[in-house]
Amino acid sequence: MARFRGSIAVGLAALVSAGCEPDEAETAGTGVAEASAAISWGGFPTDGPTNKNTPIGIALEIDQGSGVPLKVRAGQRVFIDQIDVRAAIDASSDEGVDGLADAGDFASLDWDDVELEDESFVGQANSDGTFTRRRFFRGADWMDKPSFFLIEQVDQNGHVTTFPLLVGTGLEQLRTPLDSFFIRRLRAIQWTNDCQSMDSCDGATSFTEEALVELRSANGSSPSFKLQPSTTALRVRWTLKPNAPYTIPVEQVAAPAYDYGFTMDLAAITPPAPDGTYAPGQAVTFQFTLKDGAGNRLHDPGVMPSYADFLAGNIDSGIQYYRALAEPYATYYRRKHREKQLILAVMGPVQNNRPLYDVVDINQSIDFATGVVTAGTQSDDGIYAAATGIPSFLVLFGGPAFWGLPSTDTWTFTLPPDCAPGTYYVVLKGRRSYLGQDIPESKVLEIQVGSPVHTEPAMTTGPCTSCHQEGGAFNRILHGLDNRAACTSCHAPLSFELEGPVFVRTHFIHSRSNRYDAPLKKCQNCHTSAAGIQRTSKAACLSCHTSYPASHEEAYGPIVDMYVGGREESFQQCATTCHTTHPGSGL
């Protein structure tokens with residue numbers, strides 16, 4: 001199949017790029033065979049050290065018609081792992097996203113049939129006390145049809161230096177083995193920036209309309225090409241805008257200080273008891289090390305760069321911190337892969353693992369001495385769950401006065417006295433962006449608390465690998481983590497982001513994605529037993545369903561949030577019998 005996909009790419013490249021072959025001057029003395037060898041097809045590179053012949057996935061970004069400059073190791077073989085394209089305009093009246101058809105970089109596209117799909121408010125007030133409403137639009141003809149991006153290497157004179165790459169958007173309604181990317185999201189968003197409340201935008205005068213292309217998680221490193229010595233830019237031609245190519249400046253770095261790739265070491269430096277256990281109530285200290293694929297440290301021992309260094313772009317190793325202030329994010333609909341948090345969490349015992357239903361307000365749940373946020377407790381949730389940001393949440397949310405403080409690679413968690421015995425997970429997750437490569441990574445460490453007997457989580461869903469393969473494999477998307485049981489601590493419902501729990505996000509994403517090709521009514525596609533669908537709440541039901549009966553609206557309130565249906569009450573248990581025979585579930 002990979003060879004077949006490559007053959008199609010070659011054929012399409014020949015058709016689309018007629019007249020775009022490399023200049024004779026560029027290939028003189030190299031021969032056709034050598035120039036053609038600059039392109040190759042194959043699977044993913046293996047983990048570990050890389051060299052210039054290792055295919056490296058790179059992320060391309062085009063904003064408002066301009067390519068964001070890119071640095072890449074000189075002479076590197078690369079494939080296209082992400083493409084982000086954005087066009088936006090401001091408006092003073094509520095016109096939906098109609099203005100994008102008249103002005104901006106996407107005005108020439110076919111906007112027929114665009115429709116409002118979902119809407120919700122941002123869960124946190126703006127600095128001036130107003131609120132922001134998001135409306136998400138899909139269905140425009142340009143969003144639903146397949147298109148292609150042709151990527152050419154060009155020199156300082158705009159001459160093509162080697163044969164191009166061709167990648168496609170695929171179809172909205174169909175996922176095939178020939179898709180270039182596992183994730184394909186094309187949509188438009190209207191932001192109402194000055195709503196008077198979370199219930200009304202009457203009188204609003206500040207609107208932003210934007211259109212987005214999000215292609216990411218390549219289904220393999222095919223095709224790839226080597227950067228030619230004379231290449232100074234990538235010219236990106238989109239078949240929906242064939243006469244308006246984009247240019248992405250490229251700087252080739254001859255001797256970078258680090259390798260590509262991302263690995264993590266994580267260890268408990270507090271020694272356990274002779275039987276290998278830690279005691280309830282004990283303070284346990286953990287230390288991590290972030291490394292590149294060759295094992296080189298990305299930071300000095302004991303110290304992490306400050307948040308101010310990150311914001312100023314002064315972390316040369318590519319370590320990423322939380323980008324909360326850089327741009328807005330919305331689960332499924334807008335660029336969650338660019339949020340890039342670095343977090344360390346502890347949770348357990350894993351045999352009690354389950355979603356957290358109590359809404360977490362970080363201001364109320366944070367320990368102001370340690371910066372650790374407690375999301376779950378043994379008494380209320382049956383599981384201890386706590387996390388710290390790196391840098392600390394106290395630093396991240398403390399403002400400029402705190403951002404210059406150095407951070408650390410060593411953190412202490414005090415296990416509560418009532419911790420139940422069993423296996424606990426210590427989870428580190430983060431993202432690295434380095435010389436064009438943007439990849440996630442996670443590490444899970446197991447410790448024993450109160451008992452040396454190893455315990456296992458009892459998952460009520462799975463398997464996911466029937467769909468999540470190649471570029472969609474869990475070790476390549478999300479947080480680079482294929483242990484779903486290790487997600488609980490970080491994925492609690494947050495007061496400013498109620499859709500945090502994994503069950504909410506999974507329901508929402510799969511119910512909105514037209515590329516999910518199994519019947520949504522058949523719960524057994526994911527759930528392994530009837531017990532897995534017993535608990536009912538607005539969050540459980542309305543993260544998947546987009547409506548419910550009028551009798552439910554009268555009893556439980558109208559749907560006001562696309563993710564969980566309501567507000568914080570959405571996680572309360574509705575009943576104990578509603579879903580024992582869920583229609584069509586097969587369970």
# chains A, B, ... in the order shown; residues from 1 in each chain; ligands from 1
$ closest_atom_pairs --of "region 205-237 of chain A" --to "region 92-101 of chain A" --cutoff "6 Å" --atoms "only C-alpha atoms" --output "Markdown table"
| residue | atom | partner | partner_atom | distance |
| --- | --- | --- | --- | --- |
| A:Thr205 | CA | A:Ser92 | CA | 4.7 |
| A:Ser206 | CA | A:Ser92 | CA | 5.2 |
| A:Phe207 | CA | A:Ser92 | CA | 5.9 |
| A:Glu209 | CA | A:Val97 | CA | 5.5 |
$ select_by_dssp --residues "region 155-193 of chain A" --states "strand (DSSP E or B)" --output "list in words"
Val160, Leu165, Leu166, Val167, Gly168, Leu171, Leu174, Phe181, Phe182, Ile183, Arg184, Arg185, Leu186, Arg187, Ala188, Ile189, Gln190, Trp191, Thr192 and Asn193 of chain A
$ atom_distance --atom1 "CA of Pro400 (chain A)" --atom2 "CA of Val373 (chain A)"
21.0 Å
$ atom_distance --atom1 "CA of Leu178 (chain A)" --atom2 "CA of Asn219 (chain A)"
8.6 Å
$ atom_distance --atom1 "CA of Val372 (chain A)" --atom2 "CA of Leu394 (chain A)"
8.9 Å
$ decode --residues "region 267-304 of chain A" --atoms "N, CA and C atoms" --output "PDB file, in the first residue's frame"
ATOM      1  N   ALA A 267      12.398   9.504  37.357  1.00  0.00           N
ATOM      2  CA  ALA A 267      12.764   8.601  38.455  1.00  0.00           C
ATOM      3  C   ALA A 267      12.342   9.195  39.782  1.00  0.00           C
ATOM      4  N   ALA A 268      12.061   8.301  40.738  1.00  0.00           N
ATOM      5  CA  ALA A 268      11.823   8.716  42.117  1.00  0.00           C
ATOM      6  C   ALA A 268      13.177   8.751  42.823  1.00  0.00           C
ATOM      7  N   ILE A 269      13.567   9.932  43.327  1.00  0.00           N
ATOM      8  CA  ILE A 269      14.864  10.026  43.998  1.00  0.00           C
ATOM      9  C   ILE A 269      14.723   9.847  45.507  1.00  0.00           C
ATOM     10  N   THR A 270      13.488   9.815  46.001  1.00  0.00           N
ATOM     11  CA  THR A 270      13.252   9.398  47.387  1.00  0.00           C
ATOM     12  C   THR A 270      13.259   7.875  47.419  1.00  0.00           C
ATOM     13  N   PRO A 271      14.158   7.253  48.199  1.00  0.00           N
ATOM     14  CA  PRO A 271      14.213   5.784  48.195  1.00  0.00           C
ATOM     15  C   PRO A 271      12.977   5.188  48.851  1.00  0.00           C
ATOM     16  N   PRO A 272      12.473   4.088  48.319  1.00  0.00           N
ATOM     17  CA  PRO A 272      11.327   3.408  48.931  1.00  0.00           C
ATOM     18  C   PRO A 272      11.783   2.585  50.136  1.00  0.00           C
ATOM     19  N   ALA A 273      10.820   2.020  50.836  1.00  0.00           N
ATOM     20  CA  ALA A 273      11.102   1.104  51.937  1.00  0.00           C
ATOM     21  C   ALA A 273      11.752  -0.163  51.384  1.00  0.00           C
ATOM     22  N   PRO A 274      12.313  -0.998  52.250  1.00  0.00           N
ATOM     23  CA  PRO A 274      12.952  -2.234  51.779  1.00  0.00           C
ATOM     24  C   PRO A 274      12.060  -3.113  50.912  1.00  0.00           C
ATOM     25  N   ASP A 275      10.748  -3.052  51.113  1.00  0.00           N
ATOM     26  CA  ASP A 275       9.855  -3.869  50.286  1.00  0.00           C
ATOM     27  C   ASP A 275       9.456  -3.169  48.996  1.00  0.00           C
ATOM     28  N   GLY A 276      10.076  -2.009  48.714  1.00  0.00           N
ATOM     29  CA  GLY A 276       9.827  -1.299  47.464  1.00  0.00           C
ATOM     30  C   GLY A 276       8.620  -0.387  47.473  1.00  0.00           C
ATOM     31  N   THR A 277       8.085  -0.075  48.653  1.00  0.00           N
ATOM     32  CA  THR A 277       6.862   0.713  48.722  1.00  0.00           C
ATOM     33  C   THR A 277       7.114   2.085  49.352  1.00  0.00           C
ATOM     34  N   TYR A 278       6.185   2.962  49.076  1.00  0.00           N
ATOM     35  CA  TYR A 278       6.098   4.249  49.769  1.00  0.00           C
ATOM     36  C   TYR A 278       4.862   4.210  50.655  1.00  0.00           C
ATOM     37  N   ALA A 279       4.890   5.014  51.716  1.00  0.00           N
ATOM     38  CA  ALA A 279       3.810   4.972  52.696  1.00  0.00           C
ATOM     39  C   ALA A 279       2.818   6.104  52.454  1.00  0.00           C
ATOM     40  N   PRO A 280       1.535   5.879  52.696  1.00  0.00           N
ATOM     41  CA  PRO A 280       0.576   6.992  52.692  1.00  0.00           C
ATOM     42  C   PRO A 280       1.069   8.099  53.618  1.00  0.00           C
ATOM     43  N   GLY A 281       0.923   9.333  53.173  1.00  0.00           N
ATOM     44  CA  GLY A 281       1.384  10.472  53.950  1.00  0.00           C
ATOM     45  C   GLY A 281       2.828  10.837  53.704  1.00  0.00           C
ATOM     46  N   GLN A 282       3.571  10.028  52.949  1.00  0.00           N
ATOM     47  CA  GLN A 282       4.998  10.273  52.712  1.00  0.00           C
ATOM     48  C   GLN A 282       5.196  11.285  51.589  1.00  0.00           C
ATOM     49  N   ALA A 283       6.202  12.131  51.725  1.00  0.00           N
ATOM     50  CA  ALA A 283       6.607  13.045  50.662  1.00  0.00           C
ATOM     51  C   ALA A 283       7.592  12.325  49.752  1.00  0.00           C
ATOM     52  N   VAL A 284       7.291  12.280  48.465  1.00  0.00           N
ATOM     53  CA  VAL A 284       8.135  11.579  47.502  1.00  0.00           C
ATOM     54  C   VAL A 284       8.590  12.578  46.442  1.00  0.00           C
ATOM     55  N   THR A 285       9.891  12.603  46.198  1.00  0.00           N
ATOM     56  CA  THR A 285      10.471  13.548  45.250  1.00  0.00           C
ATOM     57  C   THR A 285      10.835  12.832  43.959  1.00  0.00           C
ATOM     58  N   PHE A 286      10.501  13.455  42.842  1.00  0.00           N
ATOM     59  CA  PHE A 286      10.755  12.895  41.516  1.00  0.00           C
ATOM     60  C   PHE A 286      11.625  13.858  40.723  1.00  0.00           C
ATOM     61  N   GLN A 287      12.441  13.304  39.848  1.00  0.00           N
ATOM     62  CA  GLN A 287      13.286  14.125  38.981  1.00  0.00           C
ATOM     63  C   GLN A 287      13.177  13.619  37.553  1.00  0.00           C
ATOM     64  N   PHE A 288      13.128  14.541  36.621  1.00  0.00           N
ATOM     65  CA  PHE A 288      13.041  14.166  35.219  1.00  0.00           C
ATOM     66  C   PHE A 288      14.194  14.792  34.447  1.00  0.00           C
ATOM     67  N   THR A 289      14.475  14.227  33.297  1.00  0.00           N
ATOM     68  CA  THR A 289      15.462  14.773  32.374  1.00  0.00           C
ATOM     69  C   THR A 289      14.877  14.706  30.974  1.00  0.00           C
ATOM     70  N   LEU A 290      14.901  15.821  30.271  1.00  0.00           N
ATOM     71  CA  LEU A 290      14.439  15.872  28.888  1.00  0.00           C
ATOM     72  C   LEU A 290      15.654  15.752  27.976  1.00  0.00           C
ATOM     73  N   LYS A 291      15.547  14.894  26.953  1.00  0.00           N
ATOM     74  CA  LYS A 291      16.680  14.627  26.071  1.00  0.00           C
ATOM     75  C   LYS A 291      16.232  14.627  24.614  1.00  0.00           C
ATOM     76  N   ASP A 292      17.208  14.784  23.717  1.00  0.00           N
ATOM     77  CA  ASP A 292      16.912  14.620  22.306  1.00  0.00           C
ATOM     78  C   ASP A 292      17.031  13.140  21.939  1.00  0.00           C
ATOM     79  N   GLY A 293      16.844  12.813  20.670  1.00  0.00           N
ATOM     80  CA  GLY A 293      16.859  11.421  20.257  1.00  0.00           C
ATOM     81  C   GLY A 293      18.191  10.731  20.445  1.00  0.00           C
ATOM     82  N   ALA A 294      19.270  11.499  20.496  1.00  0.00           N
ATOM     83  CA  ALA A 294      20.594  10.926  20.694  1.00  0.00           C
ATOM     84  C   ALA A 294      20.974  10.835  22.162  1.00  0.00           C
ATOM     85  N   GLY A 295      20.078  11.260  23.051  1.00  0.00           N
ATOM     86  CA  GLY A 295      20.359  11.184  24.479  1.00  0.00           C
ATOM     87  C   GLY A 295      21.016  12.407  25.065  1.00  0.00           C
ATOM     88  N   ASN A 296      21.131  13.495  24.302  1.00  0.00           N
ATOM     89  CA  ASN A 296      21.712  14.725  24.827  1.00  0.00           C
ATOM     90  C   ASN A 296      20.706  15.455  25.701  1.00  0.00           C
ATOM     91  N   ARG A 297      21.155  15.944  26.849  1.00  0.00           N
ATOM     92  CA  ARG A 297      20.267  16.710  27.725  1.00  0.00           C
ATOM     93  C   ARG A 297      19.814  17.987  27.034  1.00  0.00           C
ATOM     94  N   LEU A 298      18.551  18.353  27.263  1.00  0.00           N
ATOM     95  CA  LEU A 298      18.010  19.589  26.708  1.00  0.00           C
ATOM     96  C   LEU A 298      18.034  20.730  27.719  1.00  0.00           C
ATOM     97  N   HIS A 299      18.508  20.461  28.933  1.00  0.00           N
ATOM     98  CA  HIS A 299      18.569  21.480  29.985  1.00  0.00           C
ATOM     99  C   HIS A 299      19.661  21.078  30.964  1.00  0.00           C
ATOM    100  N   ASP A 300      20.121  22.035  31.753  1.00  0.00           N
ATOM    101  CA  ASP A 300      21.152  21.752  32.748  1.00  0.00           C
ATOM    102  C   ASP A 300      20.576  20.916  33.890  1.00  0.00           C
ATOM    103  N   PRO A 301      21.390  20.095  34.542  1.00  0.00           N
ATOM    104  CA  PRO A 301      20.896  19.293  35.673  1.00  0.00           C
ATOM    105  C   PRO A 301      20.334  20.173  36.786  1.00  0.00           C
ATOM    106  N   GLY A 302      19.150  19.828  37.233  1.00  0.00           N
ATOM    107  CA  GLY A 302      18.543  20.533  38.349  1.00  0.00           C
ATOM    108  C   GLY A 302      17.802  21.799  37.995  1.00  0.00           C
ATOM    109  N   VAL A 303      17.971  22.297  36.780  1.00  0.00           N
ATOM    110  CA  VAL A 303      17.406  23.599  36.411  1.00  0.00           C
ATOM    111  C   VAL A 303      16.665  23.489  35.091  1.00  0.00           C
ATOM    112  N   MET A 304      15.533  24.172  35.018  1.00  0.00           N
ATOM    113  CA  MET A 304      14.798  24.313  33.770  1.00  0.00           C
ATOM    114  C   MET A 304      14.756  25.783  33.394  1.00  0.00           C
TER     115      MET A 304
END
